[in-house]
Amino acid sequence: MNFAELVAKEREGLPKDELFGLALSGGGIRSATFALGVLQFLAWKKLLSRLHYLSTVSGGGYIGSWLSAWISRYDIKTVEADLVPPPSNPNRLNEATQISWLRRYGKFLSPDLSFFSADTWLIIAIWGRNTLLNLILLVLFLAGVLLGPWIFLGIYQARYSGAGFAYWPVGGGHVFLILGTMLALAGLRNKKPLGSWLGIGSAAAISLASMIHVFDLRKDHLDTSFVLLLGTGLGLLIGYFMTRESSHRVLAFIRVLLCAAAGAGGLWIIEGILSRIAPLHTSPSRFLIPILLPQLVTLLYSLLVALMIGLAGRHQFDERREWWSRIGAWMSIFGLGGFMLAAVCILGPVISIFLYENVALGIATGGMWALITGAGVLLGRSPTTSGDEKTKRPIVDRLLPFAPLIFVVGFLILVSTGVFVGLNKGKGFPPSLTPTVCLDGCKYVQTGPSISSIWAYTWGEYG
């Protein structure tokens with residue numbers, strides 16, 4: 001039986017006259033209000049009594065259930081007559097009681113809306129409670145995220161300060177580098193969504209390798225032959241999977257060798273950078289190492305992937321080229337994201353201390369932030385930003401998108417400052433100290449707030 005025959009068979013059991021159905025869509029109390037006007041118009045035209053079927057959803061269901069309850073208590077003709085409002089209905093001076101009741105309790109969340117009404121204060125209490133709970137959850141989540149860089153900095157400090165954690169496995173980051181490469185190759189053989197998650201896991205493992213490199217810095221970082229061997233092996237593996245479907249076998253072999261050379265050279269350069277940075281552990285600027293180095297190494301790995309894609313050439317499938325490009329993109333995202341997270345975590349307290357020590361500037365900045373945030377909320381819901389050419393204001397429309405960004409930046413600074421004060425057990429802001437020398441011990445002089453003073457205050461390196 002085809003579809004046409006099925007429809008014809010269903011029609012056999014239906015009345016022979018024309019069928020009339022009405023569907024009321026959703027949209028809350030606004031759709032219910034609009035649907036009431038539709039029902040009154042149909043009643044005025046004597047069409048409501050011809051209704052065979054009523055379909056409703058959400059706000060339409062609100063008005064639909066009201067209509068069905070009314071019809072169940074009376075008959076459809078009576079309801080149709082009473083729905084017509086005056087003056088179109090000569091038999092009524094006022095609208096029906098059922099309609100008046102509906103209008104009176106249409107604001108079902110707050111039927112009696114006045115200043116001294118319990119309904120009004122109940123709405124305020126519910127809104128305040130829900131807003132406070134959501135804000136607490138948001139602040140706790142952001143605080144947990146911003147606590148991550150401090151944990152990383154604490155491990156770094158313990159690793160090189162001699163206070164403990166002195167042992168670290170040589171080449172630990174390379175284990176995760178190999179793991180990331182294996183996950184990337186496994187993702188090539190799996191379709192979505194598993195393949196996508198393997199790609200993200202690959203980029204995350206390589207980014208973690210970049211972080212672990214920070215804990216394994218030394219002048220004689222690793223044997224050069226091991227680095228070249230590891231880079232060559234990974235390059236051969238990646239190059240083979242990039243070009244194995246190529247029909248030009250000789251050219252593909254050459255491209256695999258080029259990828260191997262790129263892998264060896266890339267790892268050799270990265271290891272050289274790490275060994276050059278090792279002596280900076282005793283310098284006043286050593287706090288920049290755990291902030292910048294992991295992100296720098298991650299970006300270097302992503303550039304190395306891009307180089308191998310170019311060396312593999314157009315003899316690989318577009319799907320594979322897109323896959324490796326996606327791996328590089330995720331690595332760049334992790335690198336830039338880590339840098340921005342560390343910047344907010346460290347610079348937030350520095351900015352707060354600076355504004356705290358300059359009271360007038362701090363009050364002006366805080367007031368401006370609150371003013372821009374409030375203006376963004378009010379203008380965002382005003383007719384001047386509705387898109388109507390008659391009410392459109394070009395200046396407002398161009399400045400309004402910056403309001404949420406300014407709010408987010410200020411909010412993150414406040415949360416990062418709260419995390420910093422919490423880590424220091426509520427001792428408040430540190431004195432404005434800047435290191436002058438860090439050999440056997442750091443000496444600090446009174447200057448202005450800086451990242452180094454934040455570092456010294458957190459790890460107790462000032463006297």
# chains A, B, ... in the order shown; residues from 1 in each chain; ligands from 1

call {"tool": "select_by_dssp", "arguments": {"residues": "segment 162-327 of chain A", "states": "alpha helix (DSSP H)", "output": "compact mmCIF listing (two decimals) with N, CA, C and O atoms, in the first residue's frame"}}
result
# COMPACT_ATOMS: atom_id res chain seq x y z
N GLY A 172 59.89 13.56 30.36
CA GLY A 172 58.50 13.20 30.61
C GLY A 172 57.54 13.79 29.60
O GLY A 172 56.53 13.18 29.25
N GLY A 173 57.83 14.99 29.09
CA GLY A 173 56.95 15.61 28.11
C GLY A 173 56.89 14.85 26.80
O GLY A 173 55.87 14.89 26.10
N HIS A 174 57.97 14.15 26.46
CA HIS A 174 58.00 13.43 25.19
C HIS A 174 57.06 12.22 25.20
O HIS A 174 56.61 11.78 24.14
N VAL A 175 56.76 11.70 26.39
CA VAL A 175 55.79 10.61 26.47
C VAL A 175 54.42 11.08 25.99
O VAL A 175 53.73 10.41 25.22
N PHE A 176 54.02 12.28 26.43
CA PHE A 176 52.73 12.82 26.00
C PHE A 176 52.78 13.29 24.55
O PHE A 176 51.75 13.30 23.86
N LEU A 177 53.97 13.69 24.08
CA LEU A 177 54.10 14.03 22.67
C LEU A 177 53.84 12.80 21.79
O LEU A 177 53.13 12.88 20.78
N ILE A 178 54.39 11.66 22.19
CA ILE A 178 54.15 10.42 21.44
C ILE A 178 52.68 10.02 21.55
O ILE A 178 52.07 9.59 20.57
N LEU A 179 52.11 10.17 22.75
CA LEU A 179 50.69 9.84 22.95
C LEU A 179 49.80 10.70 22.05
O LEU A 179 48.85 10.20 21.43
N GLY A 180 50.09 12.00 21.98
CA GLY A 180 49.31 12.88 21.12
C GLY A 180 49.40 12.49 19.66
O GLY A 180 48.40 12.53 18.93
N THR A 181 50.59 12.08 19.22
CA THR A 181 50.75 11.63 17.83
C THR A 181 49.94 10.37 17.56
O THR A 181 49.28 10.24 16.52
N MET A 182 49.96 9.42 18.51
CA MET A 182 49.19 8.18 18.34
C MET A 182 47.69 8.45 18.29
O MET A 182 46.96 7.85 17.50
N LEU A 183 47.21 9.37 19.13
CA LEU A 183 45.79 9.71 19.11
C LEU A 183 45.40 10.37 17.80
O LEU A 183 44.30 10.12 17.26
N ALA A 184 46.28 11.21 17.25
CA ALA A 184 45.99 11.85 15.97
C ALA A 184 45.91 10.82 14.86
O ALA A 184 45.02 10.89 13.99
N LEU A 185 46.82 9.84 14.85
CA LEU A 185 46.78 8.80 13.83
C LEU A 185 45.56 7.90 14.00
O LEU A 185 44.96 7.46 13.01
N ALA A 186 45.15 7.65 15.26
CA ALA A 186 43.96 6.84 15.49
C ALA A 186 42.71 7.57 15.03
O ALA A 186 41.76 6.95 14.54
N GLY A 187 42.71 8.88 15.16
CA GLY A 187 41.55 9.65 14.72
C GLY A 187 41.33 9.59 13.22
O GLY A 187 40.20 9.77 12.74
N LEU A 188 42.40 9.33 12.46
CA LEU A 188 42.26 9.22 11.01
C LEU A 188 41.42 8.01 10.61
O LEU A 188 40.79 8.00 9.55
N LEU A 194 33.73 9.94 17.41
CA LEU A 194 34.93 9.45 18.08
C LEU A 194 36.18 10.09 17.50
O LEU A 194 37.10 10.47 18.24
N GLY A 195 36.23 10.23 16.17
CA GLY A 195 37.40 10.83 15.55
C GLY A 195 37.64 12.25 16.01
O GLY A 195 38.78 12.66 16.26
N SER A 196 36.57 13.02 16.17
CA SER A 196 36.71 14.41 16.62
C SER A 196 37.27 14.46 18.03
O SER A 196 38.15 15.28 18.34
N TRP A 197 36.77 13.58 18.91
CA TRP A 197 37.28 13.57 20.28
C TRP A 197 38.73 13.10 20.34
O TRP A 197 39.51 13.58 21.18
N LEU A 198 39.11 12.18 19.48
CA LEU A 198 40.51 11.76 19.43
C LEU A 198 41.40 12.91 18.98
O LEU A 198 42.53 13.06 19.47
N GLY A 199 40.91 13.73 18.04
CA GLY A 199 41.68 14.89 17.61
C GLY A 199 41.87 15.89 18.72
O GLY A 199 42.98 16.43 18.92
N ILE A 200 40.80 16.16 19.47
CA ILE A 200 40.91 17.09 20.60
C ILE A 200 41.84 16.51 21.67
O ILE A 200 42.67 17.22 22.26
N GLY A 201 41.72 15.19 21.91
CA GLY A 201 42.62 14.55 22.87
C GLY A 201 44.07 14.61 22.44
O GLY A 201 44.97 14.78 23.27
N SER A 202 44.30 14.49 21.12
CA SER A 202 45.66 14.59 20.61
C SER A 202 46.25 15.97 20.87
O SER A 202 47.38 16.10 21.37
N ALA A 203 45.48 17.02 20.55
CA ALA A 203 45.96 18.38 20.79
C ALA A 203 46.17 18.63 22.28
O ALA A 203 47.14 19.30 22.68
N ALA A 204 45.27 18.08 23.13
CA ALA A 204 45.41 18.27 24.57
C ALA A 204 46.67 17.57 25.09
O ALA A 204 47.38 18.11 25.95
N ALA A 205 46.97 16.37 24.59
CA ALA A 205 48.16 15.64 25.03
C ALA A 205 49.43 16.39 24.64
O ALA A 205 50.38 16.47 25.44
N ILE A 206 49.47 16.93 23.43
CA ILE A 206 50.65 17.68 22.99
C ILE A 206 50.80 18.96 23.80
O ILE A 206 51.91 19.37 24.16
N SER A 207 49.67 19.62 24.13
CA SER A 207 49.73 20.81 24.98
C SER A 207 50.22 20.45 26.38
O SER A 207 50.99 21.21 26.99
N LEU A 208 49.79 19.30 26.89
CA LEU A 208 50.28 18.84 28.19
C LEU A 208 51.77 18.55 28.14
O LEU A 208 52.50 18.82 29.11
N ALA A 209 52.23 18.01 27.01
CA ALA A 209 53.67 17.80 26.85
C ALA A 209 54.44 19.12 26.94
O ALA A 209 55.51 19.19 27.54
N SER A 210 53.87 20.17 26.36
CA SER A 210 54.51 21.49 26.44
C SER A 210 54.60 21.98 27.87
O SER A 210 55.58 22.61 28.27
N MET A 211 53.56 21.70 28.67
CA MET A 211 53.58 22.11 30.07
C MET A 211 54.62 21.32 30.86
O MET A 211 55.34 21.88 31.70
N ILE A 212 54.71 20.03 30.58
CA ILE A 212 55.66 19.19 31.33
C ILE A 212 57.10 19.58 31.00
O ILE A 212 58.00 19.43 31.84
N HIS A 213 57.34 20.08 29.78
CA HIS A 213 58.69 20.52 29.42
C HIS A 213 59.21 21.56 30.41
O HIS A 213 60.42 21.66 30.63
N THR A 224 71.26 14.89 22.27
CA THR A 224 70.86 15.33 20.93
C THR A 224 70.47 14.16 20.05
O THR A 224 69.50 14.25 19.27
N SER A 225 71.17 13.06 20.15
CA SER A 225 70.86 11.91 19.30
C SER A 225 69.45 11.37 19.60
O SER A 225 68.72 10.97 18.68
N PHE A 226 69.04 11.38 20.89
CA PHE A 226 67.70 10.92 21.24
C PHE A 226 66.64 11.85 20.65
O PHE A 226 65.61 11.40 20.14
N VAL A 227 66.90 13.16 20.74
CA VAL A 227 65.94 14.13 20.20
C VAL A 227 65.79 13.95 18.70
O VAL A 227 64.67 13.94 18.16
N LEU A 228 66.90 13.81 18.00
CA LEU A 228 66.84 13.64 16.54
C LEU A 228 66.17 12.33 16.17
O LEU A 228 65.40 12.27 15.21
N LEU A 229 66.45 11.29 16.94
CA LEU A 229 65.82 9.99 16.66
C LEU A 229 64.31 10.05 16.88
O LEU A 229 63.54 9.54 16.05
N LEU A 230 63.89 10.69 17.98
CA LEU A 230 62.45 10.81 18.26
C LEU A 230 61.75 11.64 17.20
O LEU A 230 60.69 11.26 16.69
N GLY A 231 62.35 12.79 16.84
CA GLY A 231 61.75 13.63 15.80
C GLY A 231 61.68 12.94 14.45
O GLY A 231 60.67 13.06 13.73
N THR A 232 62.73 12.19 14.12
CA THR A 232 62.73 11.46 12.85
C THR A 232 61.65 10.39 12.83
O THR A 232 60.92 10.23 11.85
N GLY A 233 61.52 9.65 13.93
CA GLY A 233 60.50 8.60 14.00
C GLY A 233 59.09 9.15 13.89
O GLY A 233 58.26 8.63 13.12
N LEU A 234 58.80 10.22 14.63
CA LEU A 234 57.47 10.81 14.55
C LEU A 234 57.20 11.41 13.16
O LEU A 234 56.10 11.30 12.63
N GLY A 235 58.24 12.03 12.58
CA GLY A 235 58.08 12.60 11.24
C GLY A 235 57.83 11.53 10.20
O GLY A 235 56.99 11.70 9.30
N LEU A 236 58.56 10.40 10.28
CA LEU A 236 58.33 9.28 9.34
C LEU A 236 56.92 8.73 9.48
O LEU A 236 56.23 8.45 8.48
N LEU A 237 56.46 8.59 10.71
CA LEU A 237 55.14 8.04 10.95
C LEU A 237 54.05 8.97 10.40
O LEU A 237 53.12 8.53 9.69
N ILE A 238 54.15 10.25 10.71
CA ILE A 238 53.14 11.21 10.23
C ILE A 238 53.20 11.33 8.72
O ILE A 238 52.17 11.34 8.03
N GLY A 239 54.42 11.42 8.16
CA GLY A 239 54.56 11.54 6.71
C GLY A 239 54.01 10.34 5.97
O GLY A 239 53.39 10.48 4.90
N TYR A 240 54.21 9.14 6.53
CA TYR A 240 53.70 7.93 5.87
C TYR A 240 52.17 7.95 5.82
O TYR A 240 51.57 7.66 4.78
N PHE A 241 51.52 8.28 6.94
CA PHE A 241 50.05 8.30 6.96
C PHE A 241 49.49 9.45 6.14
O PHE A 241 48.34 9.40 5.73
N MET A 242 50.27 10.49 5.90
CA MET A 242 49.81 11.59 5.07
C MET A 242 49.83 11.23 3.58
O MET A 242 48.99 11.68 2.81
N THR A 243 50.81 10.41 3.17
CA THR A 243 51.04 10.20 1.73
C THR A 243 50.86 8.76 1.28
O THR A 243 51.20 8.43 0.15
N ARG A 249 54.80 6.82 -5.96
CA ARG A 249 55.48 6.23 -4.83
C ARG A 249 56.84 6.88 -4.55
O ARG A 249 57.20 7.09 -3.39
N VAL A 250 57.60 7.17 -5.62
CA VAL A 250 58.92 7.78 -5.42
C VAL A 250 58.77 9.16 -4.79
O VAL A 250 59.46 9.51 -3.82
N LEU A 251 57.85 9.95 -5.34
CA LEU A 251 57.63 11.29 -4.81
C LEU A 251 57.09 11.23 -3.38
O LEU A 251 57.47 12.03 -2.52
N ALA A 252 56.24 10.25 -3.13
CA ALA A 252 55.70 10.10 -1.78
C ALA A 252 56.82 9.74 -0.80
O ALA A 252 56.84 10.24 0.34
N PHE A 253 57.77 8.88 -1.24
CA PHE A 253 58.88 8.50 -0.37
C PHE A 253 59.74 9.72 -0.04
O PHE A 253 60.17 9.89 1.12
N ILE A 254 59.96 10.57 -1.04
CA ILE A 254 60.74 11.78 -0.81
C ILE A 254 60.04 12.69 0.20
O ILE A 254 60.66 13.28 1.10
N ARG A 255 58.72 12.79 0.06
CA ARG A 255 57.97 13.66 0.96
C ARG A 255 57.96 13.10 2.40
O ARG A 255 57.99 13.87 3.37
N VAL A 256 57.95 11.78 2.53
CA VAL A 256 58.04 11.18 3.85
C VAL A 256 59.39 11.51 4.50
O VAL A 256 59.47 11.85 5.69
N LEU A 257 60.46 11.45 3.70
CA LEU A 257 61.78 11.81 4.22
C LEU A 257 61.83 13.28 4.63
O LEU A 257 62.46 13.63 5.63
N LEU A 258 61.17 14.14 3.85
CA LEU A 258 61.14 15.57 4.20
C LEU A 258 60.39 15.78 5.52
O LEU A 258 60.81 16.61 6.35
N CYS A 259 59.27 15.05 5.71
CA CYS A 259 58.55 15.15 6.97
C CYS A 259 59.41 14.67 8.14
O CYS A 259 59.39 15.25 9.23
N ALA A 260 60.20 13.61 7.91
CA ALA A 260 61.10 13.11 8.94
C ALA A 260 62.16 14.16 9.29
O ALA A 260 62.47 14.39 10.48
N ALA A 261 62.70 14.79 8.26
CA ALA A 261 63.69 15.85 8.50
C ALA A 261 63.07 17.02 9.26
O ALA A 261 63.69 17.60 10.16
N ALA A 262 61.83 17.37 8.89
CA ALA A 262 61.14 18.46 9.58
C ALA A 262 60.89 18.11 11.04
O ALA A 262 61.06 18.94 11.94
N GLY A 263 60.49 16.85 11.31
CA GLY A 263 60.27 16.43 12.69
C GLY A 263 61.53 16.48 13.51
O GLY A 263 61.53 16.97 14.65
N ALA A 264 62.63 15.98 12.94
CA ALA A 264 63.89 16.00 13.67
C ALA A 264 64.37 17.43 13.92
O ALA A 264 64.78 17.79 15.03
N GLY A 265 64.31 18.25 12.87
CA GLY A 265 64.75 19.64 13.03
C GLY A 265 63.87 20.42 13.97
O GLY A 265 64.36 21.23 14.78
N GLY A 266 62.55 20.18 13.89
CA GLY A 266 61.64 20.90 14.78
C GLY A 266 61.87 20.57 16.24
O GLY A 266 61.95 21.48 17.09
N LEU A 267 62.00 19.29 16.56
CA LEU A 267 62.25 18.91 17.95
C LEU A 267 63.62 19.40 18.42
O LEU A 267 63.77 19.81 19.59
N TRP A 268 64.60 19.38 17.53
CA TRP A 268 65.94 19.87 17.91
C TRP A 268 65.88 21.36 18.25
O TRP A 268 66.50 21.81 19.22
N ILE A 269 65.13 22.14 17.47
CA ILE A 269 65.00 23.58 17.74
C ILE A 269 64.29 23.80 19.07
O ILE A 269 64.69 24.65 19.88
N ILE A 270 63.19 23.06 19.30
CA ILE A 270 62.44 23.23 20.55
C ILE A 270 63.31 22.86 21.75
O ILE A 270 63.32 23.58 22.77
N GLU A 271 64.05 21.76 21.65
CA GLU A 271 64.94 21.38 22.75
C GLU A 271 66.02 22.43 22.96
O GLU A 271 66.42 22.71 24.10
N GLY A 272 66.50 23.03 21.86
CA GLY A 272 67.49 24.10 22.00
C GLY A 272 66.93 25.29 22.73
O GLY A 272 67.61 25.90 23.58
N ILE A 273 65.69 25.66 22.44
CA ILE A 273 65.04 26.77 23.14
C ILE A 273 64.91 26.45 24.63
O ILE A 273 65.18 27.30 25.50
N LEU A 274 64.51 25.22 24.95
CA LEU A 274 64.34 24.83 26.35
C LEU A 274 65.67 24.89 27.11
O LEU A 274 65.72 25.32 28.27
N SER A 275 66.75 24.44 26.48
CA SER A 275 68.04 24.46 27.16
C SER A 275 68.55 25.89 27.33
O SER A 275 69.24 26.19 28.31
N ARG A 276 68.22 26.79 26.39
CA ARG A 276 68.62 28.19 26.52
C ARG A 276 67.88 28.89 27.66
O ARG A 276 68.40 29.81 28.29
N ILE A 277 66.64 28.46 27.90
CA ILE A 277 65.83 29.11 28.94
C ILE A 277 66.21 28.62 30.33
O ILE A 277 65.95 29.30 31.32
N LEU A 288 58.11 34.48 34.33
CA LEU A 288 57.56 34.46 32.97
C LEU A 288 57.68 33.09 32.31
O LEU A 288 56.97 32.80 31.35
N ILE A 289 58.57 32.24 32.84
CA ILE A 289 58.79 30.93 32.22
C ILE A 289 57.53 30.07 32.24
O ILE A 289 57.07 29.62 31.19
N PRO A 290 56.91 29.82 33.41
CA PRO A 290 55.72 28.97 33.39
C PRO A 290 54.51 29.65 32.77
O PRO A 290 53.53 28.98 32.44
N ILE A 291 54.54 30.97 32.60
CA ILE A 291 53.41 31.68 32.00
C ILE A 291 53.47 31.63 30.49
O ILE A 291 52.46 31.40 29.81
N LEU A 292 54.66 31.83 29.93
CA LEU A 292 54.79 31.97 28.48
C LEU A 292 55.30 30.72 27.78
O LEU A 292 54.91 30.43 26.65
N LEU A 293 56.19 29.96 28.46
CA LEU A 293 56.87 28.87 27.77
C LEU A 293 55.92 27.76 27.28
O LEU A 293 56.05 27.32 26.12
N PRO A 294 54.98 27.26 28.09
CA PRO A 294 54.12 26.19 27.56
C PRO A 294 53.34 26.60 26.33
O PRO A 294 53.21 25.83 25.36
N GLN A 295 52.83 27.83 26.33
CA GLN A 295 52.07 28.31 25.18
C GLN A 295 52.97 28.47 23.95
O GLN A 295 52.57 28.16 22.82
N LEU A 296 54.21 28.94 24.17
CA LEU A 296 55.14 29.10 23.07
C LEU A 296 55.48 27.74 22.44
O LEU A 296 55.47 27.59 21.21
N VAL A 297 55.74 26.75 23.27
CA VAL A 297 56.08 25.42 22.75
C VAL A 297 54.89 24.81 22.02
O VAL A 297 55.04 24.17 20.97
N THR A 298 53.67 24.98 22.54
CA THR A 298 52.48 24.46 21.88
C THR A 298 52.31 25.08 20.50
O THR A 298 51.99 24.39 19.52
N LEU A 299 52.52 26.39 20.41
CA LEU A 299 52.41 27.05 19.10
C LEU A 299 53.50 26.57 18.15
O LEU A 299 53.27 26.43 16.94
N LEU A 300 54.70 26.28 18.68
CA LEU A 300 55.76 25.75 17.83
C LEU A 300 55.39 24.37 17.30
O LEU A 300 55.65 24.05 16.14
N TYR A 301 54.78 23.55 18.13
CA TYR A 301 54.31 22.23 17.68
C TYR A 301 53.25 22.37 16.59
O TYR A 301 53.23 21.61 15.61
N SER A 302 52.34 23.34 16.76
CA SER A 302 51.31 23.54 15.73
C SER A 302 51.92 24.02 14.42
O SER A 302 51.49 23.62 13.33
N LEU A 303 52.96 24.86 14.49
CA LEU A 303 53.66 25.30 13.27
C LEU A 303 54.38 24.12 12.62
O LEU A 303 54.46 24.04 11.38
N LEU A 304 54.90 23.21 13.44
CA LEU A 304 55.57 22.03 12.90
C LEU A 304 54.58 21.14 12.14
O LEU A 304 54.91 20.60 11.07
N VAL A 305 53.36 21.02 12.67
CA VAL A 305 52.32 20.26 11.97
C VAL A 305 51.98 20.92 10.64
O VAL A 305 51.83 20.26 9.60
N ALA A 306 51.86 22.27 10.64
CA ALA A 306 51.57 22.98 9.40
C ALA A 306 52.68 22.79 8.37
O ALA A 306 52.41 22.65 7.17
N LEU A 307 53.94 22.77 8.85
CA LEU A 307 55.06 22.54 7.94
C LEU A 307 54.99 21.16 7.31
O LEU A 307 55.22 20.99 6.10
N MET A 308 54.66 20.14 8.09
CA MET A 308 54.55 18.79 7.55
C MET A 308 53.40 18.68 6.55
O MET A 308 53.51 17.93 5.56
N ILE A 309 52.30 19.39 6.80
CA ILE A 309 51.19 19.39 5.83
C ILE A 309 51.67 19.94 4.49
O ILE A 309 51.36 19.41 3.42
N GLY A 310 52.46 21.01 4.55
CA GLY A 310 52.97 21.59 3.31
C GLY A 310 53.96 20.68 2.62
O GLY A 310 53.95 20.57 1.39
N LEU A 311 54.81 20.00 3.39
CA LEU A 311 55.79 19.09 2.78
C LEU A 311 55.12 17.86 2.17
O LEU A 311 55.61 17.31 1.18
N ALA A 312 54.01 17.40 2.77
CA ALA A 312 53.30 16.26 2.21
C ALA A 312 52.68 16.60 0.87
O ALA A 312 52.45 15.71 0.03
N ASP A 318 42.15 15.31 0.56
CA ASP A 318 41.71 16.54 1.23
C ASP A 318 41.23 16.26 2.65
O ASP A 318 41.42 17.09 3.55
N GLU A 319 40.63 15.08 2.84
CA GLU A 319 40.14 14.73 4.17
C GLU A 319 41.29 14.63 5.16
O GLU A 319 41.17 15.10 6.30
N ARG A 320 42.42 14.07 4.74
CA ARG A 320 43.57 13.95 5.64
C ARG A 320 44.21 15.31 5.88
O ARG A 320 44.63 15.62 7.01
N ARG A 321 44.32 16.12 4.83
CA ARG A 321 44.89 17.45 5.00
C ARG A 321 44.04 18.27 5.97
O ARG A 321 44.56 18.99 6.83
N GLU A 322 42.72 18.16 5.83
CA GLU A 322 41.84 18.88 6.74
C GLU A 322 41.99 18.36 8.17
O GLU A 322 41.94 19.13 9.12
N TRP A 323 42.19 17.03 8.32
CA TRP A 323 42.33 16.46 9.65
C TRP A 323 43.56 17.01 10.36
O TRP A 323 43.48 17.45 11.51
N TRP A 324 44.71 16.99 9.68
CA TRP A 324 45.92 17.50 10.32
C TRP A 324 45.85 19.01 10.55
O TRP A 324 46.39 19.52 11.54
N SER A 325 45.19 19.71 9.65
CA SER A 325 45.00 21.16 9.87
C SER A 325 44.14 21.40 11.11
O SER A 325 44.37 22.34 11.87
N ARG A 326 43.15 20.52 11.30
CA ARG A 326 42.30 20.66 12.48
C ARG A 326 43.09 20.39 13.76
O ARG A 326 42.88 21.05 14.78
N ILE A 327 44.00 19.41 13.72
CA ILE A 327 44.86 19.14 14.89
C ILE A 327 45.69 20.38 15.22
O ILE A 327 45.79 20.81 16.37

call {"tool": "closest_atom_pairs", "arguments": {"of": "segment 264-362 of chain A", "to": "segment 396-418 of chain A", "cutoff": "10 Å", "atoms": "only C-alpha atoms", "output": "tab-separated table"}}
result
residue	atom	partner	partner_atom	distance
A:Leu341	CA	A:Leu412	CA	10.0
A:Val344	CA	A:Ile413	CA	6.8
A:Cys345	CA	A:Ser416	CA	5.4
A:Ile346	CA	A:Ser416	CA	7.7
A:Leu347	CA	A:Ile413	CA	8.0
A:Gly348	CA	A:Ile413	CA	4.5
A:Pro349	CA	A:Thr417	CA	4.7
A:Val350	CA	A:Thr417	CA	8.5
A:Ile351	CA	A:Ile413	CA	7.8
A:Ser352	CA	A:Thr417	CA	6.9
A:Ile353	CA	A:Thr417	CA	8.9

call {"tool": "atom_distance", "arguments": {"atom1": "atom CA of Leu423 of chain A", "atom2": "atom CA of Phe354 of chain A"}}
result
19.0 Å

call {"tool": "closest_residue", "arguments": {"among": "A:Glu5, A:Tyr62, A:Val359, A:Ser31", "to": "Tyr105 of chain A", "atoms": "only C-alpha atoms"}}
result
A:Tyr62

call {"tool": "closest_residue", "arguments": {"among": "A:Ala69, A:Leu47, A:Ala343, A:Ile333", "to": "Val84 of chain A", "atoms": "only C-alpha atoms"}}
result
A:Leu47

call {"tool": "atom_distance", "arguments": {"atom1": "atom CA of Leu67 of chain A", "atom2": "atom CA of Ala32 of chain A"}}
result
11.1 Å

call {"tool": "closest_residue", "arguments": {"among": "A:His52, A:Leu24, A:Gly366, A:Gln157", "to": "Gly37 of chain A", "atoms": "only C-alpha atoms"}}
result
A:Leu24

call {"tool": "atom_distance", "arguments": {"atom1": "atom CA of Thr56 of chain A", "atom2": "atom CA of Leu6 of chain A"}}
result
25.6 Å

call {"tool": "residues_around", "arguments": {"residues": "Leu19 of chain A", "least_positions_apart": "4", "cutoff": "12 Å", "atoms": "only C-alpha atoms", "output": "mmCIF file with C-alpha atoms, in the first residue's frame"}}
result
data_model
loop_
_atom_site.group_PDB
_atom_site.id
_atom_site.type_symbol
_atom_site.label_atom_id
_atom_site.label_comp_id
_atom_site.auth_asym_id
_atom_site.auth_seq_id
_atom_site.Cartn_x
_atom_site.Cartn_y
_atom_site.Cartn_z
ATOM 1 C CA ARG A 11 -10.558 9.490 4.660
ATOM 2 C CA LEU A 14 -14.065 10.701 8.254
ATOM 3 C CA PRO A 15 -17.215 12.837 7.832
ATOM 4 C CA LEU A 47 -16.596 29.620 12.354
ATOM 5 C CA SER A 49 -18.714 26.006 15.998
ATOM 6 C CA ARG A 50 -17.477 24.315 12.809
ATOM 7 C CA LEU A 51 -14.210 23.324 14.480
ATOM 8 C CA HIS A 52 -13.437 19.581 14.303
ATOM 9 C CA TYR A 53 -9.928 19.439 15.710
ATOM 10 C CA LEU A 54 -7.796 21.626 17.996
#

call {"tool": "residues_around", "arguments": {"residues": "Ala35 of chain A", "least_positions_apart": "5", "cutoff": "10 Å", "atoms": "only C-alpha atoms", "output": "compact mmCIF listing (two decimals) with N, CA and C atoms, in the first residue's frame"}}
result
# COMPACT_ATOMS: atom_id res chain seq x y z
N ALA A 23 -4.75 25.12 14.78
CA ALA A 23 -3.49 24.87 15.51
C ALA A 23 -3.04 26.17 16.16
N LEU A 24 -2.78 26.11 17.47
CA LEU A 24 -2.33 27.27 18.23
C LEU A 24 -0.89 27.02 18.67
N SER A 25 0.02 27.85 18.22
CA SER A 25 1.45 27.64 18.48
C SER A 25 1.82 28.13 19.86
N GLY A 26 3.07 27.84 20.25
CA GLY A 26 3.57 28.23 21.55
C GLY A 26 4.21 29.61 21.55
N ILE A 29 2.67 33.45 27.44
CA ILE A 29 1.42 34.19 27.62
C ILE A 29 1.15 35.11 26.44
N ARG A 30 2.19 35.49 25.70
CA ARG A 30 1.99 36.34 24.53
C ARG A 30 1.26 35.59 23.43
N GLN A 40 -11.69 34.85 19.19
CA GLN A 40 -12.80 35.81 19.16
C GLN A 40 -13.18 36.17 17.73
N PHE A 41 -12.21 36.28 16.85
CA PHE A 41 -12.51 36.58 15.45
C PHE A 41 -13.27 35.42 14.81
N GLY A 59 2.24 27.88 25.04
CA GLY A 59 1.31 28.97 25.29
C GLY A 59 -0.03 28.77 24.60
N GLY A 60 -0.01 28.14 23.43
CA GLY A 60 -1.26 27.80 22.77
C GLY A 60 -2.06 26.79 23.58
N GLY A 61 -1.37 25.89 24.28
CA GLY A 61 -2.04 24.94 25.15
C GLY A 61 -2.71 25.60 26.33
N TYR A 62 -2.15 26.74 26.79
CA TYR A 62 -2.76 27.48 27.90
C TYR A 62 -4.15 27.98 27.51
N ILE A 63 -4.24 28.62 26.36
CA ILE A 63 -5.54 29.13 25.90
C ILE A 63 -6.41 28.00 25.38
N GLY A 64 -5.80 26.94 24.84
CA GLY A 64 -6.58 25.81 24.34
C GLY A 64 -7.27 25.04 25.44
